[in-house]
Structures are given as structure tokens and as C-alpha cells.
>>> print(open('coords-v1.txt').read())   # compact mmCIF, C-alpha atoms
# COMPACT_ATOMS: atom_id res chain seq x y z
CA MET A 22 0.00 0.00 0.00
CA THR A 23 1.48 3.29 -1.06
CA THR A 24 1.45 6.55 0.89
CA LEU A 25 -1.12 7.97 -1.54
CA GLN A 26 -3.51 5.13 -0.80
CA ILE A 27 -3.12 5.57 2.96
CA PHE A 28 -3.94 9.28 2.61
CA PHE A 29 -6.91 8.47 0.38
CA ILE A 30 -8.24 6.02 3.00
CA TYR A 31 -7.96 8.70 5.67
CA PHE A 32 -9.90 11.21 3.56
CA ALA A 33 -12.51 8.62 2.52
CA VAL A 34 -13.10 7.50 6.11
CA MET A 35 -13.37 11.10 7.31
CA THR A 36 -15.81 11.93 4.49
CA THR A 37 -18.03 8.98 5.41
CA LEU A 38 -17.85 9.65 9.16
CA SER A 39 -18.59 13.35 8.85
CA SER A 40 -21.53 12.75 6.51
CA ILE A 41 -22.97 10.25 9.01
CA LEU A 42 -22.50 12.84 11.76
CA VAL A 43 -24.23 15.49 9.61
CA ILE A 44 -27.42 13.46 9.32
CA THR A 45 -27.47 12.26 12.94
CA ARG A 46 -26.80 15.42 14.99
CA LYS A 47 -29.84 16.82 16.75
CA ASN A 48 -28.74 20.46 16.68
CA ALA A 49 -28.83 21.88 13.15
CA VAL A 50 -25.82 24.11 13.83
CA HIS A 51 -23.73 21.05 14.73
CA SER A 52 -24.85 19.43 11.47
CA VAL A 53 -23.70 22.46 9.50
CA ILE A 54 -20.30 22.48 11.22
CA TRP A 55 -19.83 18.79 10.38
CA MET A 56 -20.83 19.65 6.82
CA LEU A 57 -17.86 22.06 6.76
CA VAL A 58 -15.56 19.15 7.72
CA LEU A 59 -17.19 17.06 4.96
CA PHE A 60 -16.67 19.72 2.28
CA VAL A 61 -13.01 20.28 3.18
CA HIS A 62 -12.31 16.55 2.93
CA ILE A 63 -14.12 16.29 -0.40
CA ALA A 64 -11.97 19.17 -1.66
CA ALA A 65 -8.92 17.14 -0.65
CA ILE A 66 -10.28 14.18 -2.64
CA TYR A 67 -10.50 16.45 -5.72
CA LEU A 68 -6.79 17.16 -5.24
CA PHE A 69 -6.11 13.41 -5.56
CA LEU A 70 -7.79 13.58 -8.97
CA ASN A 71 -5.65 16.48 -10.26
CA ALA A 72 -8.69 18.77 -10.16
CA GLU A 73 -7.17 21.77 -8.38
CA LEU A 74 -9.73 24.21 -9.75
CA LEU A 75 -12.58 22.06 -8.45
CA ALA A 76 -10.99 21.90 -5.00
CA ALA A 77 -10.76 25.69 -4.92
CA ILE A 78 -14.36 26.09 -6.16
CA GLN A 79 -15.55 23.53 -3.59
CA ILE A 80 -14.01 25.52 -0.74
CA ILE A 81 -15.14 28.92 -2.06
CA VAL A 82 -18.71 28.05 -3.08
CA TYR A 83 -19.65 25.36 -0.56
CA ALA A 84 -17.66 26.28 2.55
CA GLY A 85 -17.76 29.99 1.79
CA ALA A 86 -21.23 30.69 0.43
CA ILE A 87 -23.64 27.80 0.94
CA LEU A 88 -22.55 27.01 4.50
CA VAL A 89 -22.89 30.66 5.59
CA LEU A 90 -26.35 30.77 3.98
CA TYR A 91 -27.41 27.75 6.03
CA LEU A 92 -26.03 29.24 9.25
CA PHE A 93 -27.83 32.53 8.58
CA VAL A 94 -31.17 30.80 8.04
CA ILE A 95 -30.75 28.63 11.15
CA MET A 96 -30.02 31.74 13.20
CA LEU A 97 -32.92 33.67 11.63
CA LEU A 98 -35.42 30.98 12.60
CA ASN A 99 -35.95 30.50 16.29
CA LEU A 100 -35.49 26.76 16.84
CA ARG A 101 -35.53 26.48 20.62
CA GLU A 102 -38.58 24.20 20.80
CA GLU A 103 -37.32 21.91 18.03
CA ASP A 104 -34.53 20.56 20.25
CA THR A 105 -36.88 18.80 22.61
CA LYS A 106 -38.66 16.73 19.96
CA LYS A 107 -37.63 13.46 18.39
CA LYS A 108 -35.21 13.90 15.51
CA PHE A 109 -36.11 10.89 13.34
CA LEU A 110 -39.38 10.03 11.62
CA SER A 111 -41.24 7.06 13.04
CA GLN A 112 -40.60 5.04 9.85
CA TRP A 113 -36.80 5.44 10.10
CA PRO A 114 -36.01 1.67 9.78
CA LEU A 115 -37.55 1.78 6.30
CA GLY A 116 -35.25 4.64 5.30
CA LEU A 117 -32.25 2.74 6.67
CA ILE A 118 -33.19 -0.37 4.66
CA THR A 119 -33.48 1.79 1.53
CA GLY A 120 -29.98 3.12 2.14
CA VAL A 121 -28.54 -0.37 2.60
CA VAL A 122 -30.27 -1.51 -0.63
CA PHE A 123 -28.74 1.50 -2.41
CA ILE A 124 -25.23 0.59 -1.21
CA MET A 125 -25.70 -3.08 -2.20
CA PHE A 126 -26.94 -2.00 -5.63
CA PHE A 127 -23.92 0.23 -6.24
CA ILE A 128 -21.44 -2.39 -5.02
CA LEU A 129 -23.04 -5.04 -7.24
CA ILE A 130 -22.80 -2.95 -10.41
CA LEU A 131 -19.23 -1.97 -9.55
CA GLY A 132 -17.80 -5.13 -11.12
CA LYS A 133 -19.50 -4.25 -14.41
CA ILE A 134 -17.66 -0.94 -14.83
CA THR A 135 -15.04 -1.00 -17.56
CA VAL A 136 -12.87 2.03 -18.16
CA PHE A 137 -13.10 3.28 -21.72
CA PRO A 138 -10.29 1.58 -23.67
CA THR A 139 -9.02 4.66 -25.52
CA PRO A 140 -8.60 7.54 -23.06
CA GLY A 141 -9.05 11.13 -24.20
CA LYS A 142 -6.35 13.64 -24.91
CA TYR A 143 -6.48 15.44 -21.56
CA SER A 144 -3.76 13.43 -19.86
CA VAL A 145 -1.99 14.66 -16.73
CA GLU A 146 1.04 15.68 -18.79
CA PHE A 147 -1.13 17.64 -21.24
CA ILE A 148 -2.87 19.53 -18.43
CA LYS A 149 0.47 20.15 -16.72
CA SER A 150 1.98 21.66 -19.87
CA GLU A 151 -1.02 23.88 -20.59
CA GLY A 152 -2.23 24.67 -17.05
CA ILE A 153 -5.52 23.61 -15.47
CA MET A 154 -7.21 27.01 -15.82
CA MET A 155 -6.30 27.27 -19.50
CA THR A 156 -7.51 23.74 -20.24
CA ILE A 157 -10.84 24.10 -18.46
CA GLY A 158 -11.37 27.63 -19.75
CA LYS A 159 -10.83 26.61 -23.37
CA VAL A 160 -13.41 23.81 -23.17
CA LEU A 161 -15.86 25.83 -21.04
CA TYR A 162 -15.91 28.91 -23.27
CA THR A 163 -15.98 27.11 -26.62
CA GLU A 164 -17.68 23.72 -26.44
CA TYR A 165 -19.86 24.49 -23.41
CA LEU A 166 -20.61 28.15 -24.06
CA LEU A 167 -24.40 27.70 -24.26
CA PRO A 168 -24.67 25.65 -21.03
CA PHE A 169 -22.47 28.26 -19.36
CA GLU A 170 -24.91 31.01 -20.36
CA VAL A 171 -27.85 28.89 -19.20
CA VAL A 172 -26.16 28.52 -15.79
CA SER A 173 -25.91 32.30 -15.53
CA LEU A 174 -29.65 32.48 -16.28
CA ILE A 175 -30.35 29.85 -13.58
CA LEU A 176 -28.39 31.91 -11.05
CA LEU A 177 -30.34 35.05 -12.04
CA VAL A 178 -33.64 33.20 -11.55
CA ALA A 179 -32.37 31.94 -8.18
CA ILE A 180 -31.56 35.49 -7.04
CA ILE A 181 -34.96 36.86 -8.07
CA GLY A 182 -36.81 33.81 -6.76
CA ALA A 183 -35.10 33.94 -3.36
CA VAL A 184 -35.97 37.63 -2.95
CA VAL A 185 -39.59 37.12 -4.04
CA LEU A 186 -40.09 34.09 -1.79
CA ALA A 187 -38.41 35.42 1.33
CA LYS A 188 -39.57 39.04 1.39
CA LYS A 189 -42.32 40.14 3.72
CA LYS A 190 -45.67 40.96 2.17
CA ILE A 191 -46.33 44.69 2.24
CA SER A 192 -49.93 45.17 3.27
CA MET B 20 -2.10 5.14 -7.65
CA VAL B 21 -5.57 4.91 -6.17
CA PRO B 22 -7.89 2.55 -8.13
CA LEU B 23 -11.01 3.98 -9.74
CA SER B 24 -13.26 1.57 -7.85
CA TRP B 25 -12.30 3.15 -4.50
CA TYR B 26 -13.67 6.50 -5.63
CA ILE B 27 -16.87 4.86 -6.87
CA VAL B 28 -17.36 2.99 -3.58
CA LEU B 29 -16.79 6.23 -1.64
CA SER B 30 -19.26 8.04 -3.89
CA ALA B 31 -21.87 5.27 -3.48
CA VAL B 32 -21.52 5.22 0.31
CA VAL B 33 -21.78 9.01 0.65
CA PHE B 34 -24.76 9.09 -1.75
CA SER B 35 -26.55 6.41 0.28
CA ILE B 36 -25.91 8.32 3.50
CA GLY B 37 -27.50 11.33 1.83
CA VAL B 38 -30.54 9.25 0.78
CA VAL B 39 -30.94 7.87 4.31
CA GLY B 40 -30.62 11.34 5.81
CA PHE B 41 -33.29 12.66 3.47
CA LEU B 42 -35.66 9.83 4.33
CA ILE B 43 -35.33 9.62 8.10
CA ARG B 44 -34.92 13.17 9.38
CA ARG B 45 -37.83 15.35 10.50
CA ASN B 46 -35.98 18.67 10.28
CA ILE B 47 -36.46 20.21 6.83
CA ILE B 48 -33.09 22.02 6.94
CA ILE B 49 -31.27 18.72 7.50
CA MET B 50 -33.21 17.29 4.54
CA LEU B 51 -31.84 20.10 2.34
CA ILE B 52 -28.34 19.39 3.68
CA SER B 53 -28.81 15.72 2.70
CA ILE B 54 -29.50 16.82 -0.88
CA GLU B 55 -26.18 18.69 -0.78
CA ILE B 56 -24.44 15.52 0.40
CA MET B 57 -25.95 13.57 -2.51
CA LEU B 58 -24.82 16.21 -5.02
CA ASN B 59 -21.30 16.09 -3.56
CA ALA B 60 -21.21 12.30 -3.90
CA VAL B 61 -22.13 12.56 -7.57
CA ASN B 62 -19.43 15.22 -8.02
CA ILE B 63 -16.80 12.85 -6.63
CA SER B 64 -17.67 10.15 -9.15
CA LEU B 65 -17.81 12.66 -12.03
CA ALA B 66 -14.36 13.98 -11.15
CA ALA B 67 -12.99 10.43 -10.74
CA PHE B 68 -14.24 9.33 -14.17
CA SER B 69 -12.92 12.58 -15.64
CA HIS B 70 -9.47 11.76 -14.32
CA TYR B 71 -9.41 8.10 -15.34
CA LEU B 72 -10.86 8.65 -18.82
CA GLN B 73 -8.51 11.64 -19.27
CA ASP B 74 -11.44 13.77 -20.35
CA ILE B 75 -11.83 17.27 -18.91
CA ARG B 76 -15.60 17.39 -19.50
CA GLY B 77 -16.32 15.60 -16.22
CA GLN B 78 -14.86 18.55 -14.36
CA ILE B 79 -16.99 20.94 -16.41
CA PHE B 80 -20.07 18.99 -15.35
CA VAL B 81 -18.98 19.26 -11.71
CA PHE B 82 -18.74 23.02 -12.23
CA PHE B 83 -22.32 23.12 -13.52
CA VAL B 84 -23.57 20.88 -10.70
CA ILE B 85 -22.01 23.21 -8.12
CA ALA B 86 -23.65 26.24 -9.77
CA VAL B 87 -27.07 24.54 -9.79
CA ALA B 88 -26.56 23.45 -6.16
CA ALA B 89 -25.93 27.06 -5.16
CA ALA B 90 -29.15 28.15 -6.89
CA GLU B 91 -31.05 25.27 -5.30
CA VAL B 92 -29.87 26.22 -1.80
CA ALA B 93 -30.90 29.85 -2.27
CA ILE B 94 -34.39 28.87 -3.44
CA GLY B 95 -34.76 26.10 -0.85
CA LEU B 96 -33.82 28.28 2.09
CA ALA B 97 -36.12 31.06 0.84
CA LEU B 98 -38.92 28.47 0.70
CA ILE B 99 -38.13 27.40 4.27
CA ILE B 100 -38.32 31.02 5.46
CA ALA B 101 -41.65 31.52 3.65
CA LEU B 102 -42.92 28.26 5.16
CA PHE B 103 -41.76 29.21 8.65
CA ARG B 104 -43.58 32.54 8.37
CA ASN B 105 -46.87 30.76 7.68
CA LYS B 106 -46.43 27.90 10.16
CA PRO B 107 -43.68 28.23 12.76
CA THR B 108 -42.24 24.73 12.55
CA LEU B 109 -39.50 22.91 10.69
CA ASN B 110 -40.94 19.48 11.38
CA VAL B 111 -42.05 17.89 8.11
CA ASP B 112 -44.66 15.81 9.96
CA GLU B 113 -46.57 18.93 10.90
CA ILE B 114 -46.49 20.48 7.43
CA ASN B 115 -49.53 18.62 6.11
CA ILE B 116 -51.83 21.41 4.96
CA MET B 117 -51.81 20.10 1.38
CA LYS B 118 -52.41 16.51 2.44
CA TRP B 119 -55.61 15.07 1.00
>>> encode(input="coords-v1.txt", output="C-alpha cells")
Amino acid sequence: MTTLQIFFIYFAVMTTLSSILVITRKNAVHSVIWMLVLFVHIAAIYLFLNAELLAAIQIIVYAGAILVLYLFVIMLLNLREEDTKKKFLSQWPLGLITGVVFIMFFILILGKITVFPTPGKYSVEFIKSEGIMMTIGKVLYTEYLLPFEVVSLILLVAIIGAVVLAKKKIS
Amino acid sequence: MVPLSWYIVLSAVVFSIGVVGFLIRRNIIIMLISIEIMLNAVNISLAAFSHYLQDIRGQIFVFFVIAVAAAEVAIGLALIIALFRNKPTLNVDEINIMKW
């Protein structure tokens, strides 16, 4: 077992543990803090895959923006009385069984995966010589220009929709 | 070198944890967080396939998924605030006004 594999196992175990902790904590603020741990470890897993830009985006967007949004909403809503109630639905064993079936399903189809015999041109050496930003930027702004513009439209709709939904009605 | 199957197993496990969290929790904020966990699991497998097929498009898809996730969180949390204003609870059992 190489050093890389040992590090990967550490990050994989921490990702799994922190996601279990996210869904089992009673206090929502604790869940969000464990989600921060989860996102940082997933960013580290992107670094294993030579996706430095994705690791940076993961930290900036998830840990920087989405997490703060969650914390703000939890603090805006007064949740004192929620702490005393039960945290799981009464049919929780059914949900657990569904999760186990999901894992079994994924593990069973794992043996069927075959990596495409002729890999593409974006090898590690190619990306190293050109730079990750240059490589991603070239594909994003030529081949995926229309989806990129659609994403900007989605974000605009999200901004307007959030304001319309969350604002107080003026009587 | 880490084998591809390790990434896929990790992605499957994290996705299943997200599914379980969505199904068993009462708190609607934790249910939204579970959706985030599922999206992150899919991102891991997209990035892993992108690396092993030597195709950069997987990373572009992750970029789009992250952008859509950000939009989804903004809308979802606005919905929760609007819901909380009408009925001061986050418990999904008690939000049954549209139940037949």
C-alpha cells in the first residue's frame, strides 16, 4: 500500500464519518459544522484527482457561500422548541433499509464498470503543460458556451426567486 | 495510484448516507443538507471518471452541478423562510396542509 492510498483512505473515512455525523446530529448548527468538515475533505479528494480548480471552487462556493447561507437561516429561525422533539421520523427503519439496498446495488454494479479503452487527450502531462485554468477555460468557453450562459440564467432566476419568496408581504 | 473503484465505492456510500438522511430526518433544513451531500457524492464520481478517462468534460459537469446546487440552496432556504412565516415549525410531519 502506497502513501497515496493511505492518505486516500484517511480522507474517505473522514468523508463517510462526517456525513454520518451530519445526518445524525440533533442540533442543526452542529450538522452544518460537520458539513464544513465534509466539504473540506471532499476538496482534498479532488486534489487526488488532479482537479485543483474544483478543489478551490468547492471551498469557495460550498464552505464559503452555501454554508454561511445555512447558518444565517438557522439563526434567523428560532429553533428552541425543536430541540426537545424526536429527531427521526417514526418510519426510520424503512429509510435505513433503503440506504442499505442502495449501497448493495452500487457495489453489485461496480464489477460491471469498464474504463473506456481509448482515453481522451487530456492526460496529466497535457494539463500540466497547458495549465488547469487554461484547459478548463478553453473547453468551457468554446464547447460548453451555451450551457455556461444557461447557468448564468439559472443563477439570475435563483436570485430573483429567493428575494420574491423570502420578502415580507407589504400590506 | 488509487484505483477507480475506490472513488466509486466512496461516492456510493456518501450518496446512500445522503438518501438515508433525506428519508429519516424530520428537520427540513437537515433534509436540504442531505440533498447537498448527494450532489457532492455525484461530483466525486464525475471527477474520478474525468481523471481516469482523461477527459476534462467531467470537471466541467462538476462546475455546472455546483452552480445549480448554489441556486437550489438559495431557493430552498427562501422556501423554508416563507414556510416558517406561515407555520412556525420545521418538522415535516406537521407540514400537512396540502395533504388530501
>>> closest_residue(input="coords-v1.txt", among="A:Met154, A:Leu129, A:Leu174, A:Leu117", to="chain B", atoms="only C-alpha atoms")
A:Leu117
>>> residues_around(input="coords-v1.txt", residues="stretch 22-29 of chain A", least_positions_apart="4", cutoff="7 Å", atoms="all atoms listed in the file", output="list in words")
Ala33 of chain A; Met20 and Val21 of chain B
>>> closest_residue(input="coords-v1.txt", among="B:Leu51, B:Val61, B:Ala101, B:Ile116", to="chain A", atoms="only C-alpha atoms")
B:Ala101
>>> closest_residue(input="coords-v1.txt", among="B:Leu58, B:Leu29, B:Lys118, B:Lys106", to="chain A", atoms="all atoms listed in the file")
B:Leu29
>>> residues_around(input="coords-v1.txt", residues="stretch 66-82 of chain B", least_positions_apart="4", cutoff="6 Å", atoms="all atoms listed in the file", output="count of residues only")
6
>>> atom_distance(input="coords-v1.txt", atom1="atom CA of A:Val89", atom2="atom CA of B:Leu109")
19.0 Å
>>> closest_residue(input="coords-v1.txt", among="A:Met125, A:Ala179, A:Ile30, A:Ala76", to="chain B", atoms="only C-alpha atoms")
A:Ala179
>>> closest_residue(input="coords-v1.txt", among="A:Val50, A:Ile66, A:Ile128, A:Met56", to="A:Tyr31", atoms="only C-alpha atoms")
A:Ile66
